[in-house]
Amino acid sequence: MSSLQLELTNSDLGPKPNMGFVAEISRRDESGKTVPGELRRVTVTTSEPTIISQINPGNWEVRVFTPQGGVVNRDVTVGEGSQERVQVDIASKRRRPVSSTFAVPRIDGGRKTRSFGQKAVFPVFVPASLQSSSVEAGSLGMHDPVWGDWRLLGEWLAHPTQPLLQESFRVAPADSGPDAPREVSAPNGFSEETRTFAVAKSRGKRRAHFVATPWKNHAEPRHALIQIVERQGGGWTSHVSVDDPLYAGLIGYLAVGAASTAVELIQSSQAQIFGDYAGAAISLDLLREKRSSPLGACAAAYALVASADRADAMPWRPWVSNLAEWFDWIPDGAIIEARCRILAARTQEDLDACRPFVLNAIARGVPSYTVGIGWLLQILVHFDEDKFIQSAIALIRLVASKLDMAEPFTTVEIE
Amino acid sequence: MSLVYFCEPETDQRVHALIIGVSEYPHLEGGGAPAVADVTGGMRQLQSPAKSARALSDWFIGGYRHTHAELATVDLLLSDANSTEYTAPRTPTGAAPQARHIDYASRQNIVDSAIAWKDRARADANDLLVFYFCGHGLSNGFQFGLLARDFGKVANRPWDGGFSFDRFLARMEKTAAARQLFFVDACRVGAEQILDPQTQPDDLIGRSFPLYEGRKQAVYYSAQPGEASYGKRGECTLFTAALIQALDGGAADDSLTEDWKTDTNSLNRAISAILEFGPELNGEPPQSPQVLLSPFELMRYEEAPIVPLYVTTAWHEGDDPPDEVQRIEICREAMMSHGGRAIVDWSNPWAAVQVCGWHAPSRFGSRLTAGDRYSLRVTFGTGERVEMKLKALRPPFGNRAIEYV
């Protein structure tokens with residue numbers, strides 16, 4: 001038997017974190033068709049080579065699927081007993097809209113923020129040219145039982161000079177050199193139940209982010225990181241990402257709407273995410289023990305529901321309900337649950353029975369993921385004769401009108 | 001009249017297409033009628049949408065193939081300053097096609113056609129509904145408004161001449177068609193002053209009765225939120241040209257099945273790949289499509305499709321042409337040195353090159369049978385010949401199977 005060593009390079013990776021991609025390897029016969037039973041889907045990360053062992057010698061095709069919907073192909077001939085090395089550059093022909101002027105921390109084995117992950121801090125990277133920008137972090141404070149934090153955010157968008165954040169966390173100045181990160185720390189540590197938001201301000205512009213921290217991973221706790229970067233041709237922007245190769249890939253696919261590719265990523269990596277998630281019981285155990293990431297599970301649920309074939313069994317369906325039930329501080333679970341119920345409705349009575357779930361989805365507040373706001377608005381279309389829902393639509397659209405649609409985590413921008 | 005093709009095939013899967021192309025906007029700048037600046041936001045007449053809609057209609061009527069499905073209807077609505085007529089490439093009966101008058105793509109005509117179109121889908125079948133719109137679009141957050149011909153006719157109510165694609169999509173989820181395919185070839189630039197959060201444009205089809213369980217939808221946007229969409233003057237838009245090329249075999253795949261087939265994922269990948277080879281704006285592709293899709297099959301072919309093969313080179317427009325290349329030949333199966341016969345022969349390939357913005361690869365373009373194996377021979381001015389080994393042609397572009405650098 002032979003093996004393949006698959007290495008991803010990205011000549012325009014820029015400040016993006018370590019990411020996971022879906023790759024497909026298949027042995028081709030002389031006519032170029034896949035030899036039955038000799039196709040595998042694997043997860044490949046940008047951090048380290050992936051070894052695919054126990055393959056037959058012959059002509060293999062490697063296809064790496066990018067979040068933008070592209071495919072990068074490589075052909076390789078594998079000899080008997082050998083290990084062939086295949087390098088794939090996943091850089092898009094499209095140039096990145098942003099550039100980073102600071103040194104990107106070295107990605108080493110997917111542990112870029114290891115030093116931060118163990119402490120109650122998360123880093124904010126600010127380039128030297130934007131050192132005058134300010135960053136605040138904190139929670140949104142009191143939660144309205146009907147409107148969640150929608151009204152609070154809506155009012156801030158109308159009056160952005162007023163403070164948005166309550167219980168502000170400490171943002172320490174960079175302690176070594178202009179490119180060193182600023183550290184955000186919470187007096188009592190970060191907790192999942194108190195959702196963290198950050199506001200970056202510079203040159204008259206404000207960007208408010210949901211910060212996915214602490215980012216739970218069943219291997220070790222990790223944190224999100226914030227990067228402020230200069231745009232080509234002036235201006236600046238900011239990104240929130242998570243230091244978790246697997247979920248960073250999943251979230252990347254989700255952000256561009258490639259839900260079915262995201263599902264391929266889940267399926268190829270299911271042991272790493274949920275164990276055998278197709279066996280719902282295992283997933284439930286993982287969630288119950290909170291060993292896996294509920295925020296990551298929401299990303300997976302968005303992808304699964306978006307690309308589900310409702311004619312087939314959906315073994316993960318009860319698990320989606322549990323996302324809404326167990327993690328009531330995460331609004332996304334309630335949105336996904338409401339959407340599943342509306343999709344399943346076959347009669348007007350079924351649809352009417354969804355109404356409490358829709359109201360609950362609103363009351364949970366602003367979702368963690370941008371896609372959640374789109375889903376919520378789609379849900380509300382079915383109830384738009386209701387006065388309360390009409391006012392909710394107007395408010396949520398107001399927030400949506402300020403969204404940075406390219407960001408996977410909810411981000412609003414005002415100038 | 002909007003129905004340009006109609007039959008009732010005896011098949012489990014019928015395909016119904018609604019195709020809309022709006023080039024002429026009488027109430028936008030240059031449209032003849034007075035334009036209200038606050039409403040029009042600088043939007044002008046367009047060149048490509050009507051042509052793109054005609055081309056896609058031609059393709060569906062003349063090119064759609066599936067071993068288990070058949071095209072049943074095509075509705076076409078146009079707003080085209082050049083012509084109000086359309087001649088289909090064929091008729092269901094085989095009779096000679098006749099030119100026929102096409103209704104304007106006004107909002108009311110779009111509403112009427114959309115309701116008729118979605119009602120044609122049978123609940124107990126695996127019918128496919130295809131929706132295509134090409135024209136002006138405006139977005140604000142998740143709101144995405146599409147402009148019909150009569151946008152701006154009533155200055156205080158401009159959206160009486162437009163509709164909400166995002167709300168239309170949500171409504172369609174509860175309709176009868178099992179599979180729904182949407183293509184929106186329009187700008188997605190923000191225009192808060194025209195499409196504010198309080199504005200609620202028409203959803204085209206209203207509430208559905210009865211309700212159906214959620215359907216499989218695949219949505220292809222020509223651009224990412226905030227991006228514009230482009231077309232070359234007098235030609236199809238970039239996105240629609242790529243879409244037709246992808247539908248016309250460019251997205252076909254047989255790597256996992258006995259038959260060649262196109263599904264929603266392979267279509268997405270093919271469109272992206274084709275656009276990557278297209279023109280550039282400031283050194284990069286001018287637009288990136290966005291998809292939101294459920295995976296499902298679109299086409300299955302009785303035989304291998306004919307697909308593009310491009311010989312890629314390192315030379316690009318603006319550099320010195322590689323004069324030393326005298327000839328490029330392609331032959332099927334055996335190499336020429338082993339008695340193979342050239343089926344494509346580009347002698348003096350650079351002689352006909354004209355200056356334009358397209359990448360060089362399309363210079364060496366041909367259409368050949370997918371799945372077959374081809375070899376390539378390049379002859380240089382020195383008389384040296386280089387043969388490249390046999391490779392199977394796999395769409396799109398044969399997976400770059402044959403590279404010449």
# chains A, B, ... in the order shown; residues from 1 in each chain; ligands from 1
>>> interface_residues(of="chain B", to="chain A", cutoff="6 Å", atoms="only C-alpha atoms", output="list in words")
Asn140, Gly141, Phe142, Ala170, Pro197, Gln198, Leu211, Tyr212, Glu213, Gly214, Ser255, Arg269, Ser272, Glu284, Val291, Leu292, Ser294 and Ala392 of chain B
>>> write_last_selection(atoms="C-alpha atoms", output="CSV table (one decimal), in the first residue's frame")
chain,number,residue,atom,x,y,z
B,140,ASN,CA,-29.7,46.5,2.0
B,141,GLY,CA,-28.6,43.9,4.5
B,142,PHE,CA,-30.6,40.8,3.7
B,170,ALA,CA,-39.2,32.6,1.6
B,197,PRO,CA,-35.7,48.8,6.4
B,198,GLN,CA,-39.3,50.1,6.3
B,211,LEU,CA,-48.6,24.7,2.5
B,212,TYR,CA,-46.0,22.1,1.7
B,213,GLU,CA,-43.1,20.9,3.7
B,214,GLY,CA,-39.9,22.9,3.0
B,255,SER,CA,-16.5,10.7,-11.4
B,269,ARG,CA,-18.1,24.9,-9.1
B,272,SER,CA,-16.9,29.9,-10.3
B,284,GLU,CA,-9.1,40.6,-10.5
B,291,VAL,CA,-24.7,30.4,-3.7
B,292,LEU,CA,-27.1,29.1,-1.1
B,294,SER,CA,-29.3,22.3,-1.3
B,392,ALA,CA,-9.1,12.4,-19.9
>>> residues_around(residues="Ala172 in chain A", least_positions_apart="6", cutoff="9 Å", atoms="only C-alpha atoms", output="list in words")
Arg182, Glu183, Val184 and Ser185 of chain A
>>> atom_distance(atom1="CA of Phe190 in chain A", atom2="CA of Pro214 in chain A")
6.3 Å
>>> residues_around(residues="Arg207 in chain B", least_positions_apart="2", cutoff="7 Å", atoms="only C-alpha atoms", output="list in words")
Arg171, Ile205 and Phe209 of chain B
>>> closest_residue(among="B:Ser52, B:Thr369, B:Thr40, B:Gln193", to="Lys232 in chain B", atoms="only C-alpha atoms")
B:Ser52
>>> select_by_dssp(residues="range 162-356 of chain B", states="strand (DSSP E or B)", output="PyMOL selection string")
chain B and resi 162-164+179-185+190+202+216-221+231+237+253+260-263+281+284+290-293+297-301+306-310+312+325-332+342-347
>>> write_last_selection(atoms="C-alpha atoms", output="CSV table (one decimal), in the first residue's frame")
chain,number,residue,atom,x,y,z
B,162,GLY,CA,-40.2,46.1,-8.3
B,163,PHE,CA,-40.2,43.1,-6.0
B,164,SER,CA,-38.4,41.6,-3.0
B,179,ARG,CA,-36.8,21.3,-6.4
B,180,GLN,CA,-36.4,25.0,-7.0
B,181,LEU,CA,-33.5,26.7,-8.8
B,182,PHE,CA,-33.0,30.5,-8.8
B,183,PHE,CA,-30.5,32.6,-10.7
B,184,VAL,CA,-30.3,36.3,-10.0
B,185,ASP,CA,-28.0,38.2,-12.3
B,190,GLY,CA,-26.4,48.8,-1.2
B,202,ASP,CA,-43.9,42.8,-3.2
B,216,LYS,CA,-35.0,22.1,-1.8
B,217,GLN,CA,-33.8,25.4,-3.1
B,218,ALA,CA,-30.6,26.3,-4.8
B,219,VAL,CA,-29.9,30.0,-5.3
B,220,TYR,CA,-27.2,31.4,-7.4
B,221,TYR,CA,-26.4,35.1,-7.1
B,231,GLY,CA,-21.6,42.5,-18.8
B,237,THR,CA,-23.6,39.3,-18.8
B,253,ASP,CA,-19.4,15.1,-13.9
B,260,TRP,CA,-22.7,12.0,-16.7
B,261,LYS,CA,-24.7,14.4,-14.6
B,262,THR,CA,-24.9,17.9,-13.4
B,263,ASP,CA,-26.0,18.8,-9.9
B,281,LEU,CA,-11.2,44.5,-13.5
B,284,GLU,CA,-9.1,40.6,-10.5
B,290,GLN,CA,-22.6,33.5,-4.2
B,291,VAL,CA,-24.7,30.4,-3.7
B,292,LEU,CA,-27.1,29.1,-1.1
B,293,LEU,CA,-27.9,25.7,-2.1
B,297,GLU,CA,-29.5,16.7,-9.5
B,298,LEU,CA,-30.3,18.9,-12.5
B,299,MET,CA,-29.4,17.0,-15.5
B,300,ARG,CA,-28.4,13.5,-16.5
B,301,TYR,CA,-27.0,12.8,-19.9
B,306,ILE,CA,-19.4,18.0,-25.5
B,307,VAL,CA,-17.4,20.4,-23.3
B,308,PRO,CA,-14.8,23.1,-23.6
B,309,LEU,CA,-11.2,22.2,-23.7
B,310,TYR,CA,-8.7,25.1,-23.1
B,312,THR,CA,-3.6,27.0,-20.8
B,325,VAL,CA,4.8,28.5,-31.1
B,326,GLN,CA,4.0,27.6,-34.7
B,327,ARG,CA,1.3,25.0,-34.2
B,328,ILE,CA,-0.8,23.2,-31.6
B,329,GLU,CA,-2.5,20.0,-32.4
B,330,ILE,CA,-4.8,17.8,-30.3
B,331,CYS,CA,-5.6,14.2,-31.1
B,332,ARG,CA,-7.8,11.6,-29.5
B,342,ALA,CA,-5.1,15.5,-35.2
B,343,ILE,CA,-8.7,16.5,-34.6
B,344,VAL,CA,-7.9,20.1,-33.7
B,345,ASP,CA,-5.1,21.9,-35.5
B,346,TRP,CA,-4.2,25.5,-34.7
B,347,SER,CA,-1.6,26.5,-37.3
>>> atom_distance(atom1="CA of Gly235 in chain A", atom2="CA of Leu130 in chain A")
9.9 Å
>>> closest_residue(among="B:Val386, B:Asp80, B:Gly62, B:Asp203", to="Pro97 in chain B", atoms="only C-alpha atoms")
B:Gly62
>>> residues_around(residues="Gln287 in chain B", least_positions_apart="6", cutoff="10 Å", atoms="only C-alpha atoms", output="list in words")
Arg94 of chain A; Cys187, Ser222, Ala223, Gln224, Glu227, Ala228, Ser229, Tyr230, Leu238, Phe239, Ser272, Leu275, Glu276, Pro279, Glu280 and Leu281 of chain B
>>> write_last_selection(atoms="C-alpha atoms", output="CSV table (one decimal), in the first residue's frame")
chain,number,residue,atom,x,y,z
A,94,ARG,CA,-9.1,37.1,-6.7
B,187,CYS,CA,-26.1,44.1,-8.8
B,222,SER,CA,-24.1,36.7,-9.7
B,223,ALA,CA,-22.3,38.7,-7.1
B,224,GLN,CA,-21.6,38.8,-3.4
B,227,GLU,CA,-20.8,43.9,-5.4
B,228,ALA,CA,-21.9,45.0,-8.8
B,229,SER,CA,-22.5,42.6,-11.7
B,230,TYR,CA,-21.0,43.2,-15.2
B,238,LEU,CA,-20.5,37.6,-17.5
B,239,PHE,CA,-22.5,35.5,-15.1
B,272,SER,CA,-16.9,29.9,-10.3
B,275,LEU,CA,-15.7,33.2,-14.1
B,276,GLU,CA,-12.1,32.9,-12.8
B,279,PRO,CA,-12.2,39.2,-17.8
B,280,GLU,CA,-10.6,41.2,-15.0
B,281,LEU,CA,-11.2,44.5,-13.5
>>> select_by_dssp(residues="range 122-369 of chain B", states="helix (DSSP H, G or I)", output="VMD selection string")
chain B and resid 158 to 161 165 to 172 238 to 250 264 to 276 336 to 338 360 to 364
